[in-house]
Amino acid sequence: MSERAALLKGIRVWLAFFVVCLVLSGVTAFPLVHELRWAEEVLRSLGAPDHLPGLMEWIERVRDGLDTADADHPFLLYGTDWLAFAHLVIAVAFLGPYRDPVRNVWVVEFGLIACAGVVPLALICGPIRGIPFWWSVIDMAFGVFGAVPLYVVRKKIKRLEALAEAAVPAGAAAPAP
């Protein structure tokens, strides 16, 4: 396998991984009420109230809030439907770099900026909304861990771009990846 083919394969594998994670993150925002009830049951069966009382108190508080919103104000949960939809739409944008990485490297850079933006969002909005700091750290981890595959992809795209430029004599057009 040529270096170009290996780079392209690596880019596509990392992008596919990132897109799958983004889609899963989005899809799980639709059934929040049911997921939280299930998570609470699982945590109770694992003995979490005895070992992680702070976590259980938080889960119970969030579940209670979601149950109330679902029963009395279900339109509030429409916001999480839009959050889920946004994840799915953003995932579609990564088809561009999957097809033509060099030309669409900007999408990967946009993703890196979005991942970096998770940190200040969690640090600013978390306290305003009464989110425990340890939960904000979990939220920030999504941005940090999301940036890892995108950083790897960007490095590979830049190497692919350099290969294409080196293979083309000055003044000639580069072949499409």
# chains A, B, ... in the order shown; residues from 1 in each chain; ligands from 1

$ closest_atom_pairs --of "region 48-158 of chain A" --to "region 10-13 of chain A" --cutoff "12 Å" --atoms "only C-alpha atoms" --output "JSON lines"
{"residue": "A:Phe94", "atom": "CA", "partner": "A:Arg12", "partner_atom": "CA", "distance": 10.0}
{"residue": "A:Leu95", "atom": "CA", "partner": "A:Arg12", "partner_atom": "CA", "distance": 9.6}
{"residue": "A:Gly96", "atom": "CA", "partner": "A:Arg12", "partner_atom": "CA", "distance": 10.8}
{"residue": "A:Pro97", "atom": "CA", "partner": "A:Arg12", "partner_atom": "CA", "distance": 8.3}
{"residue": "A:Tyr98", "atom": "CA", "partner": "A:Arg12", "partner_atom": "CA", "distance": 5.6}
{"residue": "A:Arg99", "atom": "CA", "partner": "A:Arg12", "partner_atom": "CA", "distance": 8.4}
{"residue": "A:Asp100", "atom": "CA", "partner": "A:Arg12", "partner_atom": "CA", "distance": 10.0}
{"residue": "A:Pro101", "atom": "CA", "partner": "A:Ile11", "partner_atom": "CA", "distance": 7.8}
{"residue": "A:Val102", "atom": "CA", "partner": "A:Ile11", "partner_atom": "CA", "distance": 10.5}
{"residue": "A:Val105", "atom": "CA", "partner": "A:Ile11", "partner_atom": "CA", "distance": 10.9}
{"residue": "A:Val108", "atom": "CA", "partner": "A:Ile11", "partner_atom": "CA", "distance": 10.7}
{"residue": "A:Pro149", "atom": "CA", "partner": "A:Ile11", "partner_atom": "CA", "distance": 9.2}
{"residue": "A:Leu150", "atom": "CA", "partner": "A:Ile11", "partner_atom": "CA", "distance": 9.3}
{"residue": "A:Tyr151", "atom": "CA", "partner": "A:Ile11", "partner_atom": "CA", "distance": 10.6}
{"residue": "A:Val152", "atom": "CA", "partner": "A:Ile11", "partner_atom": "CA", "distance": 8.1}
{"residue": "A:Val153", "atom": "CA", "partner": "A:Ile11", "partner_atom": "CA", "distance": 5.3}
{"residue": "A:Arg154", "atom": "CA", "partner": "A:Ile11", "partner_atom": "CA", "distance": 8.3}
{"residue": "A:Lys155", "atom": "CA", "partner": "A:Ile11", "partner_atom": "CA", "distance": 9.3}
{"residue": "A:Lys156", "atom": "CA", "partner": "A:Ile11", "partner_atom": "CA", "distance": 6.4}
{"residue": "A:Ile157", "atom": "CA", "partner": "A:Ile11", "partner_atom": "CA", "distance": 7.1}
{"residue": "A:Lys158", "atom": "CA", "partner": "A:Ile11", "partner_atom": "CA", "distance": 10.7}

$ write_last_selection --atoms "N, CA, C and O atoms" --output "PDB file, in the first residue's frame"
ATOM      1  N   PHE A  94     -18.953  15.890   8.063  1.00  0.00           N
ATOM      2  CA  PHE A  94     -17.680  15.184   7.982  1.00  0.00           C
ATOM      3  C   PHE A  94     -17.608  14.219   6.798  1.00  0.00           C
ATOM      4  O   PHE A  94     -16.565  13.597   6.575  1.00  0.00           O
ATOM      5  N   LEU A  95     -18.681  14.125   6.021  1.00  0.00           N
ATOM      6  CA  LEU A  95     -18.604  13.371   4.768  1.00  0.00           C
ATOM      7  C   LEU A  95     -17.682  14.078   3.777  1.00  0.00           C
ATOM      8  O   LEU A  95     -17.039  13.432   2.951  1.00  0.00           O
ATOM      9  N   GLY A  96     -17.622  15.409   3.861  1.00  0.00           N
ATOM     10  CA  GLY A  96     -16.730  16.174   2.974  1.00  0.00           C
ATOM     11  C   GLY A  96     -15.282  15.756   3.136  1.00  0.00           C
ATOM     12  O   GLY A  96     -14.632  15.365   2.155  1.00  0.00           O
ATOM     13  N   PRO A  97     -14.719  15.803   4.352  1.00  0.00           N
ATOM     14  CA  PRO A  97     -13.334  15.369   4.508  1.00  0.00           C
ATOM     15  C   PRO A  97     -13.134  13.872   4.255  1.00  0.00           C
ATOM     16  O   PRO A  97     -12.055  13.450   3.861  1.00  0.00           O
ATOM     17  N   TYR A  98     -14.175  13.090   4.462  1.00  0.00           N
ATOM     18  CA  TYR A  98     -14.064  11.659   4.164  1.00  0.00           C
ATOM     19  C   TYR A  98     -13.839  11.463   2.662  1.00  0.00           C
ATOM     20  O   TYR A  98     -13.018  10.650   2.253  1.00  0.00           O
ATOM     21  N   ARG A  99     -14.563  12.223   1.865  1.00  0.00           N
ATOM     22  CA  ARG A  99     -14.450  12.099   0.403  1.00  0.00           C
ATOM     23  C   ARG A  99     -13.209  12.782  -0.148  1.00  0.00           C
ATOM     24  O   ARG A  99     -12.539  12.256  -1.026  1.00  0.00           O
ATOM     25  N   ASP A 100     -12.924  13.992   0.320  1.00  0.00           N
ATOM     26  CA  ASP A 100     -11.796  14.768  -0.190  1.00  0.00           C
ATOM     27  C   ASP A 100     -11.146  15.494   0.981  1.00  0.00           C
ATOM     28  O   ASP A 100     -11.457  16.657   1.257  1.00  0.00           O
ATOM     29  N   PRO A 101     -10.253  14.813   1.691  1.00  0.00           N
ATOM     30  CA  PRO A 101      -9.705  15.373   2.926  1.00  0.00           C
ATOM     31  C   PRO A 101      -8.970  16.697   2.754  1.00  0.00           C
ATOM     32  O   PRO A 101      -9.167  17.618   3.546  1.00  0.00           O
ATOM     33  N   VAL A 102      -8.128  16.804   1.756  1.00  0.00           N
ATOM     34  CA  VAL A 102      -7.324  18.017   1.598  1.00  0.00           C
ATOM     35  C   VAL A 102      -8.220  19.222   1.327  1.00  0.00           C
ATOM     36  O   VAL A 102      -8.074  20.280   1.955  1.00  0.00           O
ATOM     37  N   VAL A 105     -10.363  20.099   4.648  1.00  0.00           N
ATOM     38  CA  VAL A 105      -9.686  20.119   5.945  1.00  0.00           C
ATOM     39  C   VAL A 105     -10.328  21.153   6.869  1.00  0.00           C
ATOM     40  O   VAL A 105     -10.311  21.010   8.094  1.00  0.00           O
ATOM     41  N   VAL A 108     -12.613  19.689   9.487  1.00  0.00           N
ATOM     42  CA  VAL A 108     -11.893  19.108  10.617  1.00  0.00           C
ATOM     43  C   VAL A 108     -11.442  20.226  11.561  1.00  0.00           C
ATOM     44  O   VAL A 108     -11.561  20.107  12.788  1.00  0.00           O
ATOM     45  N   PRO A 149      -9.196  12.479  17.915  1.00  0.00           N
ATOM     46  CA  PRO A 149      -9.229  11.935  16.546  1.00  0.00           C
ATOM     47  C   PRO A 149      -9.150  13.027  15.484  1.00  0.00           C
ATOM     48  O   PRO A 149      -8.541  12.826  14.432  1.00  0.00           O
ATOM     49  N   LEU A 150      -9.737  14.189  15.767  1.00  0.00           N
ATOM     50  CA  LEU A 150      -9.685  15.275  14.780  1.00  0.00           C
ATOM     51  C   LEU A 150      -8.265  15.814  14.618  1.00  0.00           C
ATOM     52  O   LEU A 150      -7.846  16.156  13.511  1.00  0.00           O
ATOM     53  N   TYR A 151      -7.529  15.877  15.707  1.00  0.00           N
ATOM     54  CA  TYR A 151      -6.129  16.306  15.632  1.00  0.00           C
ATOM     55  C   TYR A 151      -5.316  15.312  14.794  1.00  0.00           C
ATOM     56  O   TYR A 151      -4.527  15.703  13.940  1.00  0.00           O
ATOM     57  N   VAL A 152      -5.523  14.023  15.040  1.00  0.00           N
ATOM     58  CA  VAL A 152      -4.827  12.983  14.271  1.00  0.00           C
ATOM     59  C   VAL A 152      -5.191  13.108  12.793  1.00  0.00           C
ATOM     60  O   VAL A 152      -4.319  13.047  11.920  1.00  0.00           O
ATOM     61  N   VAL A 153      -6.475  13.301  12.508  1.00  0.00           N
ATOM     62  CA  VAL A 153      -6.935  13.433  11.121  1.00  0.00           C
ATOM     63  C   VAL A 153      -6.296  14.649  10.460  1.00  0.00           C
ATOM     64  O   VAL A 153      -5.825  14.573   9.323  1.00  0.00           O
ATOM     65  N   ARG A 154      -6.269  15.773  11.166  1.00  0.00           N
ATOM     66  CA  ARG A 154      -5.692  16.990  10.580  1.00  0.00           C
ATOM     67  C   ARG A 154      -4.213  16.777  10.242  1.00  0.00           C
ATOM     68  O   ARG A 154      -3.744  17.191   9.180  1.00  0.00           O
ATOM     69  N   LYS A 155      -3.475  16.141  11.151  1.00  0.00           N
ATOM     70  CA  LYS A 155      -2.058  15.863  10.875  1.00  0.00           C
ATOM     71  C   LYS A 155      -1.906  14.989   9.634  1.00  0.00           C
ATOM     72  O   LYS A 155      -1.047  15.236   8.789  1.00  0.00           O
ATOM     73  N   LYS A 156      -2.749  13.973   9.521  1.00  0.00           N
ATOM     74  CA  LYS A 156      -2.678  13.074   8.366  1.00  0.00           C
ATOM     75  C   LYS A 156      -3.056  13.810   7.074  1.00  0.00           C
ATOM     76  O   LYS A 156      -2.462  13.579   6.028  1.00  0.00           O
ATOM     77  N   ILE A 157      -4.046  14.682   7.157  1.00  0.00           N
ATOM     78  CA  ILE A 157      -4.447  15.456   5.969  1.00  0.00           C
ATOM     79  C   ILE A 157      -3.298  16.354   5.529  1.00  0.00           C
ATOM     80  O   ILE A 157      -3.017  16.470   4.329  1.00  0.00           O
ATOM     81  N   LYS A 158      -2.626  16.989   6.460  1.00  0.00           N
ATOM     82  CA  LYS A 158      -1.502  17.866   6.105  1.00  0.00           C
ATOM     83  C   LYS A 158      -0.366  17.059   5.478  1.00  0.00           C
ATOM     84  O   LYS A 158       0.288  17.528   4.537  1.00  0.00           O
TER      85      LYS A 158
END

$ residues_around --residues "region 36-44 of chain A" --least-positions-apart "4" --cutoff "8 Å" --atoms "only C-alpha atoms" --output "PyMOL selection string"
chain A and resi 32+48-49+56+59-60+63

$ write_last_selection --atoms "N, CA and C atoms" --output "short mmCIF file (atom, residue, chain, number, x, y, z; two decimals), in the first residue's frame"
data_model
loop_
_atom_site.label_atom_id
_atom_site.label_comp_id
_atom_site.auth_asym_id
_atom_site.auth_seq_id
_atom_site.Cartn_x
_atom_site.Cartn_y
_atom_site.Cartn_z
N LEU A 32 -33.91 11.00 26.59
CA LEU A 32 -33.28 11.31 27.88
C LEU A 32 -34.05 10.81 29.09
N ALA A 48 -24.26 1.84 43.68
CA ALA A 48 -23.72 3.20 43.61
C ALA A 48 -24.16 4.11 44.75
N PRO A 49 -25.40 3.97 45.28
CA PRO A 49 -25.78 4.86 46.39
C PRO A 49 -24.84 4.74 47.58
N MET A 56 -25.29 9.63 42.81
CA MET A 56 -26.70 9.20 42.88
C MET A 56 -27.62 10.38 43.17
N ILE A 59 -27.94 12.23 39.86
CA ILE A 59 -28.77 11.48 38.92
C ILE A 59 -30.25 11.57 39.32
N GLU A 60 -30.53 11.43 40.60
CA GLU A 60 -31.92 11.53 41.08
C GLU A 60 -32.48 12.94 40.83
N ARG A 63 -33.07 13.27 37.06
CA ARG A 63 -34.21 12.45 36.68
C ARG A 63 -35.51 13.09 37.13
#

$ residues_around --residues "region 77-91 of chain A" --least-positions-apart "2" --cutoff "6 Å" --atoms "only C-alpha atoms" --output "PyMOL selection string"
chain A and resi 19+23+26-27+29-30+74-75+93-94

$ select_by_dssp --residues "chain A" --states "helix (DSSP H, G or I)" --output "NGL selection string"
:A and (3-27 or 32-45 or 48-51 or 53-72 or 74-93 or 95-99 or 105-128 or 133-167)

$ closest_residue --among "A:Ser45, A:Ser2, A:Thr28, A:Ser136" --to "Val118 (chain A)" --atoms "only C-alpha atoms"
A:Ser136

$ atom_distance --atom1 "CA of Leu52 (chain A)" --atom2 "CA of Pro127 (chain A)"
21.4 Å

$ atom_distance --atom1 "CA of Arg129 (chain A)" --atom2 "CA of Val148 (chain A)"
27.9 Å

$ residues_around --residues "Val119 (chain A)" --least-positions-apart "4" --cutoff "9 Å" --atoms "only C-alpha atoms" --output "list in words"
Cys115, Leu123, Ile124, Ser136, Val137, Asp139, Met140, Ala141, Gly143 and Val144 of chain A

$ closest_residue --among "A:Gly126, A:Leu55, A:Gly146, A:Arg4" --to "Val20 (chain A)" --atoms "only C-alpha atoms"
A:Gly146
